[in-house]
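S.K.: Structure file work.cif (mmCIF, C-alpha atoms; chains and numbers go by the auth columns) is given on the next line.
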data_data
loop_
_atom_site.group_PDB
_atom_site.id
_atom_site.type_symbol
_atom_site.label_atom_id
_atom_site.label_comp_id
_atom_site.label_asym_id
_atom_site.label_seq_id
_atom_site.Cartn_x
_atom_site.Cartn_y
_atom_site.Cartn_z
_atom_site.B_iso_or_equiv
_atom_site.auth_seq_id
_atom_site.auth_asym_id
ATOM 1 C CA MET A 1 -20.207 6.263 0.493 0.00 729 C
ATOM 2 C CA SER A 2 -21.161 8.889 3.097 0.00 730 C
ATOM 3 C CA ALA A 3 -19.216 9.931 6.177 0.00 731 C
ATOM 4 C CA ASP A 4 -21.442 7.824 8.429 0.00 732 C
ATOM 5 C CA SER A 5 -21.071 4.645 6.354 0.00 733 C
ATOM 6 C CA PRO A 6 -19.523 1.627 8.119 0.00 734 C
ATOM 7 C CA PRO A 7 -15.758 1.346 7.721 0.00 735 C
ATOM 8 C CA LEU A 8 -14.222 -0.880 5.099 0.00 736 C
ATOM 9 C CA PRO A 9 -12.979 -4.309 6.232 0.00 737 C
ATOM 10 C CA LEU A 10 -9.585 -3.189 4.909 0.00 738 C
ATOM 11 C CA PRO A 11 -8.095 -0.344 6.975 0.00 739 C
ATOM 12 C CA CYS A 12 -8.042 2.687 4.719 0.00 740 C
ATOM 13 C CA ALA A 13 -5.080 4.731 3.485 0.00 741 C
ATOM 14 C CA ARG A 14 -3.385 1.510 2.323 0.00 742 C
ATOM 15 C CA PHE A 15 -2.375 0.554 -1.207 0.00 743 C
ATOM 16 C CA ALA A 16 -5.087 -1.696 -2.606 0.00 744 C
ATOM 17 C CA ARG A 17 -4.187 -2.481 -6.239 0.00 745 C
ATOM 18 C CA CYS A 18 -2.039 -1.308 -9.139 0.00 746 C
ATOM 19 C CA ASP A 19 -3.036 -0.995 -12.813 0.00 747 C
ATOM 20 C CA LEU A 20 -0.747 -1.012 -15.830 0.00 748 C
ATOM 21 C CA MET A 21 -1.576 1.606 -18.467 0.00 749 C
ATOM 22 C CA THR A 22 -0.010 0.493 -21.760 0.00 750 C
ATOM 23 C CA THR A 23 -0.271 1.140 -25.501 0.00 751 C
ATOM 24 C CA ASP A 24 0.645 -2.507 -26.193 0.00 752 C
ATOM 25 C CA PRO A 25 -1.503 -4.760 -23.991 0.00 753 C
ATOM 26 C CA GLU A 26 -0.459 -8.001 -25.693 0.00 754 C
ATOM 27 C CA GLY A 27 3.223 -7.136 -25.441 0.00 755 C
ATOM 28 C CA SER A 28 2.836 -6.213 -21.779 0.00 756 C
ATOM 29 C CA ARG A 29 1.012 -9.465 -21.008 0.00 757 C
ATOM 30 C CA ALA A 30 3.700 -11.568 -22.650 0.00 758 C
ATOM 31 C CA PHE A 31 6.497 -9.718 -20.845 0.00 759 C
ATOM 32 C CA TYR A 32 5.045 -9.982 -17.324 0.00 760 C
ATOM 33 C CA GLU A 33 3.883 -13.563 -17.803 0.00 761 C
ATOM 34 C CA ALA A 34 7.492 -14.494 -18.558 0.00 762 C
ATOM 35 C CA VAL A 35 9.320 -12.306 -16.046 0.00 763 C
ATOM 36 C CA VAL A 36 6.958 -12.224 -13.040 0.00 764 C
ATOM 37 C CA GLY A 37 4.641 -15.191 -13.666 0.00 765 C
ATOM 38 C CA TRP A 38 1.420 -13.170 -13.618 0.00 766 C
ATOM 39 C CA SER A 39 -1.775 -14.315 -15.342 0.00 767 C
ATOM 40 C CA PHE A 40 -4.357 -12.058 -16.939 0.00 768 C
ATOM 41 C CA PRO A 41 -7.935 -13.382 -16.581 0.00 769 C
ATOM 42 C CA GLU A 42 -10.713 -11.385 -18.208 0.00 770 C
ATOM 43 C CA ARG A 43 -12.810 -9.312 -15.814 0.00 771 C
ATOM 44 C CA SER A 44 -15.724 -6.928 -16.327 0.00 772 C
ATOM 45 C CA SER A 45 -17.336 -3.988 -14.582 0.00 773 C
ATOM 46 C CA GLY A 46 -20.245 -1.914 -15.810 0.00 774 C
ATOM 47 C CA GLY A 47 -20.075 -3.445 -19.279 0.00 775 C
ATOM 48 C CA PHE A 48 -16.327 -2.813 -19.571 0.00 776 C
ATOM 49 C CA THR A 49 -14.117 -5.893 -19.993 0.00 777 C
ATOM 50 C CA TYR A 50 -10.397 -5.821 -19.265 0.00 778 C
ATOM 51 C CA PRO A 51 -7.559 -8.231 -18.392 0.00 779 C
ATOM 52 C CA GLY A 52 -7.045 -8.518 -14.657 0.00 780 C
ATOM 53 C CA ILE A 53 -3.596 -9.028 -13.174 0.00 781 C
ATOM 54 C CA ASP A 54 -3.404 -12.110 -10.929 0.00 782 C
ATOM 55 C CA ALA A 55 -0.512 -13.327 -8.791 0.00 783 C
ATOM 56 C CA GLY A 56 -0.982 -16.928 -7.756 0.00 784 C
ATOM 57 C CA GLY A 57 -4.711 -16.688 -8.386 0.00 785 C
ATOM 58 C CA VAL A 58 -5.082 -13.462 -6.359 0.00 786 C
ATOM 59 C CA GLY A 59 -6.204 -10.323 -8.192 0.00 787 C
ATOM 60 C CA ILE A 60 -3.807 -7.422 -7.624 0.00 788 C
ATOM 61 C CA GLY A 61 -4.661 -5.058 -10.484 0.00 789 C
ATOM 62 C CA GLY A 62 -5.644 -4.693 -14.105 0.00 790 C
ATOM 63 C CA LEU A 63 -4.147 -4.066 -17.530 0.00 791 C
ATOM 64 C CA MET A 64 -5.621 -1.053 -19.313 0.00 792 C
ATOM 65 C CA ALA A 65 -5.140 -0.197 -22.980 0.00 793 C
ATOM 66 C CA MET A 66 -3.990 3.368 -23.551 0.00 794 C
ATOM 67 C CA ASP A 67 -4.239 5.358 -26.797 0.00 795 C
ATOM 68 C CA ALA A 68 -0.756 6.132 -28.118 0.00 796 C
ATOM 69 C CA ALA A 69 -2.117 9.378 -29.594 0.00 797 C
ATOM 70 C CA ALA A 70 -2.555 10.719 -26.059 0.00 798 C
ATOM 71 C CA GLY A 71 1.214 11.120 -25.881 0.00 799 C
ATOM 72 C CA LEU A 72 1.524 9.618 -22.394 0.00 800 C
ATOM 73 C CA PRO A 73 4.203 7.063 -21.583 0.00 801 C
ATOM 74 C CA ALA A 74 3.202 3.607 -20.389 0.00 802 C
ATOM 75 C CA HIS A 75 3.003 3.691 -16.597 0.00 803 C
ATOM 76 C CA TRP A 76 1.757 1.977 -13.470 0.00 804 C
ATOM 77 C CA MET A 77 -1.116 3.531 -11.504 0.00 805 C
ATOM 78 C CA PRO A 78 -1.338 2.582 -7.804 0.00 806 C
ATOM 79 C CA TYR A 79 -4.659 2.783 -5.937 0.00 807 C
ATOM 80 C CA ILE A 80 -4.979 3.889 -2.311 0.00 808 C
ATOM 81 C CA ALA A 81 -8.149 2.921 -0.436 0.00 809 C
ATOM 82 C CA VAL A 82 -10.038 5.755 1.280 0.00 810 C
ATOM 83 C CA ALA A 83 -13.217 5.526 3.360 0.00 811 C
ATOM 84 C CA ASP A 84 -14.980 8.464 1.671 0.00 812 C
ATOM 85 C CA ILE A 85 -13.791 9.477 -1.796 0.00 813 C
ATOM 86 C CA ASP A 86 -15.800 12.713 -1.843 0.00 814 C
ATOM 87 C CA ALA A 87 -14.427 13.889 1.500 0.00 815 C
ATOM 88 C CA ALA A 88 -10.883 13.067 0.374 0.00 816 C
ATOM 89 C CA LEU A 89 -11.220 14.918 -2.942 0.00 817 C
ATOM 90 C CA ALA A 90 -12.639 17.986 -1.201 0.00 818 C
ATOM 91 C CA ARG A 91 -9.287 18.354 0.593 0.00 819 C
ATOM 92 C CA VAL A 92 -6.871 17.713 -2.271 0.00 820 C
ATOM 93 C CA ALA A 93 -6.683 21.205 -3.790 0.00 821 C
ATOM 94 C CA GLY A 94 -6.372 22.934 -0.426 0.00 822 C
ATOM 95 C CA LEU A 95 -3.387 20.730 0.379 0.00 823 C
ATOM 96 C CA GLY A 96 -1.595 21.607 -2.851 0.00 824 C
ATOM 97 C CA GLY A 97 -2.671 18.711 -5.058 0.00 825 C
ATOM 98 C CA GLU A 98 -4.963 18.555 -8.078 0.00 826 C
ATOM 99 C CA VAL A 99 -8.014 16.444 -8.911 0.00 827 C
ATOM 100 C CA CYS A 100 -7.376 15.306 -12.490 0.00 828 C
ATOM 101 C CA GLN A 101 -10.557 13.255 -12.824 0.00 829 C
ATOM 102 C CA PRO A 102 -13.712 13.639 -10.738 0.00 830 C
ATOM 103 C CA ALA A 103 -14.931 10.543 -8.921 0.00 831 C
ATOM 104 C CA VAL A 104 -16.234 7.837 -11.284 0.00 832 C
ATOM 105 C CA GLU A 105 -18.312 4.835 -10.263 0.00 833 C
ATOM 106 C CA LEU A 106 -17.340 1.325 -11.280 0.00 834 C
ATOM 107 C CA PRO A 107 -20.439 -0.840 -10.679 0.00 835 C
ATOM 108 C CA GLY A 108 -19.712 -3.549 -8.160 0.00 836 C
ATOM 109 C CA LEU A 109 -16.268 -2.170 -7.346 0.00 837 C
ATOM 110 C CA GLY A 110 -16.605 1.355 -5.957 0.00 838 C
ATOM 111 C CA ARG A 111 -15.758 4.966 -6.855 0.00 839 C
ATOM 112 C CA PHE A 112 -12.335 6.267 -7.847 0.00 840 C
ATOM 113 C CA SER A 113 -10.566 9.466 -8.824 0.00 841 C
ATOM 114 C CA ILE A 114 -7.109 10.247 -10.210 0.00 842 C
ATOM 115 C CA ILE A 115 -5.189 13.013 -8.468 0.00 843 C
ATOM 116 C CA THR A 116 -1.697 14.479 -8.508 0.00 844 C
ATOM 117 C CA ASP A 117 0.279 15.454 -5.424 0.00 845 C
ATOM 118 C CA PRO A 118 2.015 18.875 -5.144 0.00 846 C
ATOM 119 C CA ALA A 119 5.018 17.620 -7.158 0.00 847 C
ATOM 120 C CA GLY A 120 2.890 16.113 -9.935 0.00 848 C
ATOM 121 C CA ALA A 121 2.929 12.369 -9.155 0.00 849 C
ATOM 122 C CA TRP A 122 -0.250 10.555 -10.211 0.00 850 C
ATOM 123 C CA VAL A 123 -2.118 8.305 -7.825 0.00 851 C
ATOM 124 C CA THR A 124 -5.678 6.972 -7.657 0.00 852 C
ATOM 125 C CA LEU A 125 -7.893 7.245 -4.597 0.00 853 C
ATOM 126 C CA MET A 126 -10.772 4.783 -4.359 0.00 854 C
ATOM 127 C CA THR A 127 -13.603 3.872 -2.030 0.00 855 C
ATOM 128 C CA PHE A 128 -14.146 0.142 -2.514 0.00 856 C
ATOM 129 C CA GLU A 129 -17.493 -1.619 -2.175 0.00 857 C
ATOM 130 C CA GLN A 130 -15.761 -4.865 -1.249 0.00 858 C
ATOM 131 C CA THR A 131 -12.522 -5.617 0.526 0.00 859 C
ATOM 132 C CA PRO A 132 -9.746 -4.976 -2.019 0.00 860 C
ATOM 133 C CA THR A 133 -6.633 -7.076 -2.340 0.00 861 C
ATOM 134 C CA GLN A 134 -3.836 -6.328 0.066 0.00 862 C
ATOM 135 C CA TYR A 135 -0.178 -6.858 -0.702 0.00 863 C
ATOM 136 C CA GLU A 136 0.737 -8.172 2.756 0.00 864 C
ATOM 137 C CA SER A 137 2.051 -11.465 1.458 0.00 865 C
ATOM 138 C CA SER A 138 5.501 -12.975 1.076 0.00 866 C
ATOM 139 C CA ASP A 139 4.460 -14.796 -2.102 0.00 867 C
ATOM 140 C CA ALA A 140 6.264 -14.139 -5.366 0.00 868 C
ATOM 141 C CA GLY A 141 4.302 -11.928 -7.741 0.00 869 C
ATOM 142 C CA ARG A 142 2.790 -9.781 -4.992 0.00 870 C
ATOM 143 C CA TYR A 143 3.706 -6.168 -4.320 0.00 871 C
ATOM 144 C CA GLY A 144 6.060 -5.757 -1.382 0.00 872 C
ATOM 145 C CA TRP A 145 6.599 -2.006 -1.325 0.00 873 C
ATOM 146 C CA PHE A 146 5.633 1.274 -2.949 0.00 874 C
ATOM 147 C CA GLU A 147 8.084 4.128 -3.301 0.00 875 C
ATOM 148 C CA LEU A 148 7.609 7.723 -4.376 0.00 876 C
ATOM 149 C CA VAL A 149 10.323 9.532 -6.322 0.00 877 C
ATOM 150 C CA SER A 150 9.570 13.216 -5.800 0.00 878 C
ATOM 151 C CA GLN A 151 10.811 16.648 -6.787 0.00 879 C
ATOM 152 C CA ASP A 152 9.577 18.166 -3.507 0.00 880 C
ATOM 153 C CA VAL A 153 9.792 15.757 -0.583 0.00 881 C
ATOM 154 C CA ASP A 154 8.873 18.394 2.019 0.00 882 C
ATOM 155 C CA ALA A 155 5.618 19.539 0.398 0.00 883 C
ATOM 156 C CA VAL A 156 4.657 16.035 -0.699 0.00 884 C
ATOM 157 C CA GLY A 157 5.346 14.503 2.703 0.00 885 C
ATOM 158 C CA ALA A 158 3.059 17.075 4.302 0.00 886 C
ATOM 159 C CA PHE A 159 0.415 16.464 1.607 0.00 887 C
ATOM 160 C CA TYR A 160 0.072 12.714 2.194 0.00 888 C
ATOM 161 C CA ALA A 161 0.309 13.124 5.956 0.00 889 C
ATOM 162 C CA ALA A 162 -2.637 15.531 5.941 0.00 890 C
ATOM 163 C CA LEU A 163 -4.714 13.799 3.260 0.00 891 C
ATOM 164 C CA LEU A 164 -4.315 10.186 4.435 0.00 892 C
ATOM 165 C CA ASP A 165 -3.309 10.634 8.074 0.00 893 C
ATOM 166 C CA TRP A 166 0.051 9.047 7.355 0.00 894 C
ATOM 167 C CA ASP A 167 3.080 9.696 9.530 0.00 895 C
ATOM 168 C CA ALA A 168 6.039 10.887 7.451 0.00 896 C
ATOM 169 C CA ALA A 169 9.402 10.233 9.110 0.00 897 C
ATOM 170 C CA ARG A 170 12.352 11.675 7.217 0.00 898 C
ATOM 171 C CA GLY A 171 15.843 10.316 7.772 0.00 899 C
ATOM 172 C CA VAL A 172 18.801 8.638 6.090 0.00 900 C
ATOM 173 C CA MET A 173 18.698 5.072 4.746 0.00 901 C
ATOM 174 C CA PRO A 174 22.039 3.263 4.356 0.00 902 C
ATOM 175 C CA GLY A 175 22.920 2.862 0.706 0.00 903 C
ATOM 176 C CA ILE A 176 20.171 5.255 -0.416 0.00 904 C
ATOM 177 C CA GLY A 177 20.514 8.538 1.475 0.00 905 C
ATOM 178 C CA ASP A 178 17.660 10.972 2.156 0.00 906 C
ATOM 179 C CA TYR A 179 14.558 8.818 2.699 0.00 907 C
ATOM 180 C CA THR A 180 11.060 9.354 4.075 0.00 908 C
ATOM 181 C CA THR A 181 9.079 6.410 5.441 0.00 909 C
ATOM 182 C CA PHE A 182 5.285 6.685 5.467 0.00 910 C
ATOM 183 C CA THR A 183 3.557 4.741 8.224 0.00 911 C
ATOM 184 C CA LYS A 184 0.044 4.301 9.593 0.00 912 C
ATOM 185 C CA GLY A 185 0.296 3.547 13.282 0.00 913 C
ATOM 186 C CA GLU A 186 3.162 1.061 13.480 0.00 914 C
ATOM 187 C CA GLU A 187 2.684 -0.218 9.926 0.00 915 C
ATOM 188 C CA PRO A 188 5.195 0.858 7.231 0.00 916 C
ATOM 189 C CA LEU A 189 3.277 1.627 4.050 0.00 917 C
ATOM 190 C CA ALA A 190 5.591 3.312 1.560 0.00 918 C
ATOM 191 C CA GLY A 191 8.759 5.302 1.131 0.00 919 C
ATOM 192 C CA MET A 192 9.864 8.489 -0.602 0.00 920 C
ATOM 193 C CA LEU A 193 13.195 9.732 -1.885 0.00 921 C
ATOM 194 C CA PRO A 194 14.252 12.870 -3.764 0.00 922 C
ATOM 195 C CA ALA A 195 14.244 12.715 -7.557 0.00 923 C
ATOM 196 C CA PRO A 196 17.837 12.199 -8.730 0.00 924 C
ATOM 197 C CA MET A 197 17.695 14.781 -11.538 0.00 925 C
ATOM 198 C CA PRO A 198 15.767 18.059 -12.054 0.00 926 C
ATOM 199 C CA GLU A 199 14.125 16.576 -15.159 0.00 927 C
ATOM 200 C CA THR A 200 12.981 13.372 -13.419 0.00 928 C
ATOM 201 C CA ARG A 201 9.193 13.255 -13.314 0.00 929 C
ATOM 202 C CA SER A 202 7.756 12.644 -9.851 0.00 930 C
ATOM 203 C CA HIS A 203 6.200 9.169 -9.812 0.00 931 C
ATOM 204 C CA TRP A 204 5.155 6.226 -7.666 0.00 932 C
ATOM 205 C CA LEU A 205 7.108 2.994 -8.117 0.00 933 C
ATOM 206 C CA GLY A 206 5.860 -0.442 -7.054 0.00 934 C
ATOM 207 C CA TYR A 207 8.218 -3.296 -6.167 0.00 935 C
ATOM 208 C CA VAL A 208 7.088 -6.810 -7.123 0.00 936 C
ATOM 209 C CA LYS A 209 8.448 -9.769 -5.168 0.00 937 C
ATOM 210 C CA VAL A 210 10.313 -12.297 -7.308 0.00 938 C
ATOM 211 C CA GLU A 211 12.405 -15.393 -6.739 0.00 939 C
ATOM 212 C CA ASP A 212 15.961 -15.436 -8.134 0.00 940 C
ATOM 213 C CA ILE A 213 16.000 -11.733 -8.934 0.00 941 C
ATOM 214 C CA ASP A 214 19.264 -11.876 -10.881 0.00 942 C
ATOM 215 C CA ALA A 215 17.829 -14.413 -13.303 0.00 943 C
ATOM 216 C CA ARG A 216 14.582 -12.423 -13.601 0.00 944 C
ATOM 217 C CA VAL A 217 16.416 -9.218 -14.429 0.00 945 C
ATOM 218 C CA ALA A 218 18.606 -11.014 -16.971 0.00 946 C
ATOM 219 C CA LEU A 219 15.479 -12.480 -18.602 0.00 947 C
ATOM 220 C CA ALA A 220 13.763 -9.081 -18.644 0.00 948 C
ATOM 221 C CA LYS A 221 16.771 -7.624 -20.434 0.00 949 C
ATOM 222 C CA THR A 222 16.708 -10.319 -23.137 0.00 950 C
ATOM 223 C CA LEU A 223 12.975 -9.557 -23.641 0.00 951 C
ATOM 224 C CA GLY A 224 13.673 -5.884 -24.341 0.00 952 C
ATOM 225 C CA ALA A 225 13.582 -4.261 -20.912 0.00 953 C
ATOM 226 C CA GLU A 226 16.079 -1.603 -19.834 0.00 954 C
ATOM 227 C CA VAL A 227 17.768 -2.145 -16.483 0.00 955 C
ATOM 228 C CA LEU A 228 17.787 1.196 -14.664 0.00 956 C
ATOM 229 C CA HIS A 229 19.261 0.013 -11.368 0.00 957 C
ATOM 230 C CA GLY A 230 20.626 -3.184 -9.889 0.00 958 C
ATOM 231 C CA PRO A 231 20.154 -5.841 -8.961 0.00 959 C
ATOM 232 C CA ALA A 232 21.871 -4.432 -5.888 0.00 960 C
ATOM 233 C CA THR A 233 21.707 -5.243 -2.207 0.00 961 C
ATOM 234 C CA THR A 234 20.021 -2.663 0.020 0.00 962 C
ATOM 235 C CA PRO A 235 21.062 -3.134 3.671 0.00 963 C
ATOM 236 C CA GLY A 236 18.220 -4.642 5.680 0.00 964 C
ATOM 237 C CA LEU A 237 16.009 -5.198 2.626 0.00 965 C
ATOM 238 C CA GLY A 238 17.804 -7.526 0.233 0.00 966 C
ATOM 239 C CA ARG A 239 18.393 -7.415 -3.495 0.00 967 C
ATOM 240 C CA MET A 240 16.344 -4.962 -5.521 0.00 968 C
ATOM 241 C CA ALA A 241 16.273 -3.721 -9.099 0.00 969 C
ATOM 242 C CA THR A 242 14.409 -1.194 -11.224 0.00 970 C
ATOM 243 C CA ILE A 243 13.612 -1.849 -14.872 0.00 971 C
ATOM 244 C CA ARG A 244 11.760 -0.136 -17.696 0.00 972 C
ATOM 245 C CA ASP A 245 9.638 -2.702 -19.512 0.00 973 C
ATOM 246 C CA PRO A 246 9.618 -2.880 -23.355 0.00 974 C
ATOM 247 C CA GLN A 247 6.498 -0.694 -23.444 0.00 975 C
ATOM 248 C CA GLY A 248 8.125 2.008 -21.288 0.00 976 C
ATOM 249 C CA ALA A 249 6.592 1.454 -17.825 0.00 977 C
ATOM 250 C CA VAL A 250 9.001 1.459 -14.886 0.00 978 C
ATOM 251 C CA VAL A 251 8.643 -1.261 -12.226 0.00 979 C
ATOM 252 C CA GLY A 252 10.717 -2.440 -9.286 0.00 980 C
ATOM 253 C CA LEU A 253 11.680 -6.041 -8.517 0.00 981 C
ATOM 254 C CA TRP A 254 12.426 -7.246 -4.981 0.00 982 C
ATOM 255 C CA GLY A 255 14.198 -10.554 -4.490 0.00 983 C
ATOM 256 C CA ILE A 256 12.766 -13.017 -1.967 0.00 984 C
#
For this file, write the structure as structure tokens.
M.R.:
Amino acid sequence: MSADSPPLPLPCARFARCDLMTTDPEGSRAFYEAVVGWSFPERSSGGFTYPGIDAGGVGIGGLMAMDAAAGLPAHWMPYIAVADIDAALARVAGLGGEVCQPAVELPGLGRFSIITDPAGAWVTLMTFEQTPTQYESSDAGRYGWFELVSQDVDAVGAFYAALLDWDAARGVMPGIGDYTTFTKGEEPLAGMLPAPMPETRSHWLGYVKVEDIDARVALAKTLGAEVLHGPATTPGLGRMATIRDPQGAVVGLWGI
């Protein structure tokens, strides 16, 4: 897509989908079907077939098999929509980030690239050919929030502000402490907090909306997940929890 192409129906610089990278696709499917209620219909693009991730019949991401020999932990990969992937990538290095994978075309979907921010957190930028799914829904199973845990909140806040034209307002959140809220206009998009330990890898964390969060977390634990935090009440937000699924990917749950 060139700079003079018409704008996407979805306003850009918003989270558009989230993929699960896992070395055990069948185990991951069974876990999230039970805990979150997702379904995994087969989808294809450019001859490549993969399980989609659907919440109430709405596609919100995909499940991608990952080779265990690569030595990478299972993880979630959020996608941020941009109007012009090439223009965005041309700015990444100058702002302190790194382009890990040049832009790749997915026929019928668009072009994407994986980058890291100045503190090393992975995220995917993508120019979509069609309007991607948004998470602006109160329904269970949909994403309600994305949060960045970072080893350098100052540099990373400036990076996303410059790259995506986000506003980064740093302050104190009750019950959490140092917290940066990313907004676009008046719309809150994501948050950022300092990594709790020097060895904590910078990473994006998505929060999935669930009903009866206490029961969901208890079920996740019986299915082999590790509870990292909560469920606990965050003032003004409700009950939230963070778990590591049996395959090793960390995900947030947000009670509704």
S.K.: Name the residues captured by the PyMOL selection byres ((chain C and resi 912) around 10) when it is applied to the shown file; answer as a list of chain:residue names.
M.R.: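 That selection, the PyMOL selection byres ((chain C and resi 912) around 10), comes back as C:Pro739, C:Cys740, C:Ala741, C:Arg742, C:Ala889, C:Leu892, C:Asp893, C:Trp894, C:Asp895, C:Ala896, C:Phe910, C:Thr911, C:Gly913, C:Glu914, C:Glu915, C:Pro916, C:Leu917, C:Ala918.
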S.K.: Write out as a list in words each polymer residue whose atoms come within 12 Å of Thr950 of chain C, counting all atoms listed in the file; drop sequence neighbours fewer than 3 positions from it.
M.R.: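 Everything that qualifies: Phe759, Ala762, Val763, Ala943, Arg944, Val945, Ala946, Leu947, Ala953, Glu954, Val955, Asp973 and Pro974 of chain C.
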S.K.: Name the residues that the PyMOL selection byres ((chain C and resi 816-818) around 9) pulls out of this structure, and write them as a PyMOL selection string.
M.R.: chain C and resi 810-815+819-822+826-827+830-831+841+843+853+891-892
S.K.: Take the residues that were just selected and, keeping C-alpha atoms, output them as a short mmCIF file (atom, residue, chain, number, x, y, z; two decimals), keeping the file's coordinate frame.
M.R.:
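Now in result.cif:
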data_model
loop_
_atom_site.label_atom_id
_atom_site.label_comp_id
_atom_site.auth_asym_id
_atom_site.auth_seq_id
_atom_site.Cartn_x
_atom_site.Cartn_y
_atom_site.Cartn_z
CA VAL C 810 -10.04 5.76 1.28
CA ALA C 811 -13.22 5.53 3.36
CA ASP C 812 -14.98 8.46 1.67
CA ILE C 813 -13.79 9.48 -1.80
CA ASP C 814 -15.80 12.71 -1.84
CA ALA C 815 -14.43 13.89 1.50
CA ARG C 819 -9.29 18.35 0.59
CA VAL C 820 -6.87 17.71 -2.27
CA ALA C 821 -6.68 21.20 -3.79
CA GLY C 822 -6.37 22.93 -0.43
CA GLU C 826 -4.96 18.56 -8.08
CA VAL C 827 -8.01 16.44 -8.91
CA PRO C 830 -13.71 13.64 -10.74
CA ALA C 831 -14.93 10.54 -8.92
CA SER C 841 -10.57 9.47 -8.82
CA ILE C 843 -5.19 13.01 -8.47
CA LEU C 853 -7.89 7.24 -4.60
CA LEU C 891 -4.71 13.80 3.26
CA LEU C 892 -4.32 10.19 4.43
#
S.K.: Quick check, in Å to one decimal: how far apart do atom CA of Asp880 of chain C and atom CA of Arg967 of chain C lie?
M.R.: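 Spanning atom CA of Asp880 of chain C to atom CA of Arg967 of chain C is a straight-line distance of 27.1 Å.
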S.K.: Show me, as a count of residues only, the residues that have an atom within 8 Å of Met792 of chain C when counting only C-alpha atoms, minus same-chain residues fewer than 2 positions from it.
M.R.: 9
S.K.: Rounded to one decimal, what separation in Å do you get between atom CA of Asp845 of chain C and atom CA of Thr928 of chain C?
M.R.: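 Taking atom CA of Asp845 of chain C as the start and atom CA of Thr928 of chain C as the end point, the length is 15.2 Å.
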S.K.: Take the PyMOL selection byres ((chain C and resi 897) around 6), run it mentally on this structure, and tell me the resulting residues as a list in words.
M.R.: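 So the PyMOL selection byres ((chain C and resi 897) around 6) ends up selecting Ala896, Arg898, Thr908 and Thr909 of chain C.
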S.K.: Which residues come within 10 Å of Leu921 of chain C, counting all atoms listed in the file, excluding same-chain residues fewer than 6 positions away, as a PyMOL selection string?
M.R.: chain C and resi 875-881+898+900-901+904-909
S.K.: Nearest residue to Ala809 of chain C out of C:Tyr888, C:Phe840, C:Tyr871, C:Tyr935, using only C-alpha atoms?
M.R.: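 Answer, going by the shortest atom-to-atom distance: C:Phe840.
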S.K.: Which residue is closest to Ser772 of chain C? Choose from C:Thr859, C:Pro801, C:Met968, C:Gly836 and count all atoms listed in the file.
M.R.: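 Smallest separation from Ser772 of chain C among the options: C:Gly836.
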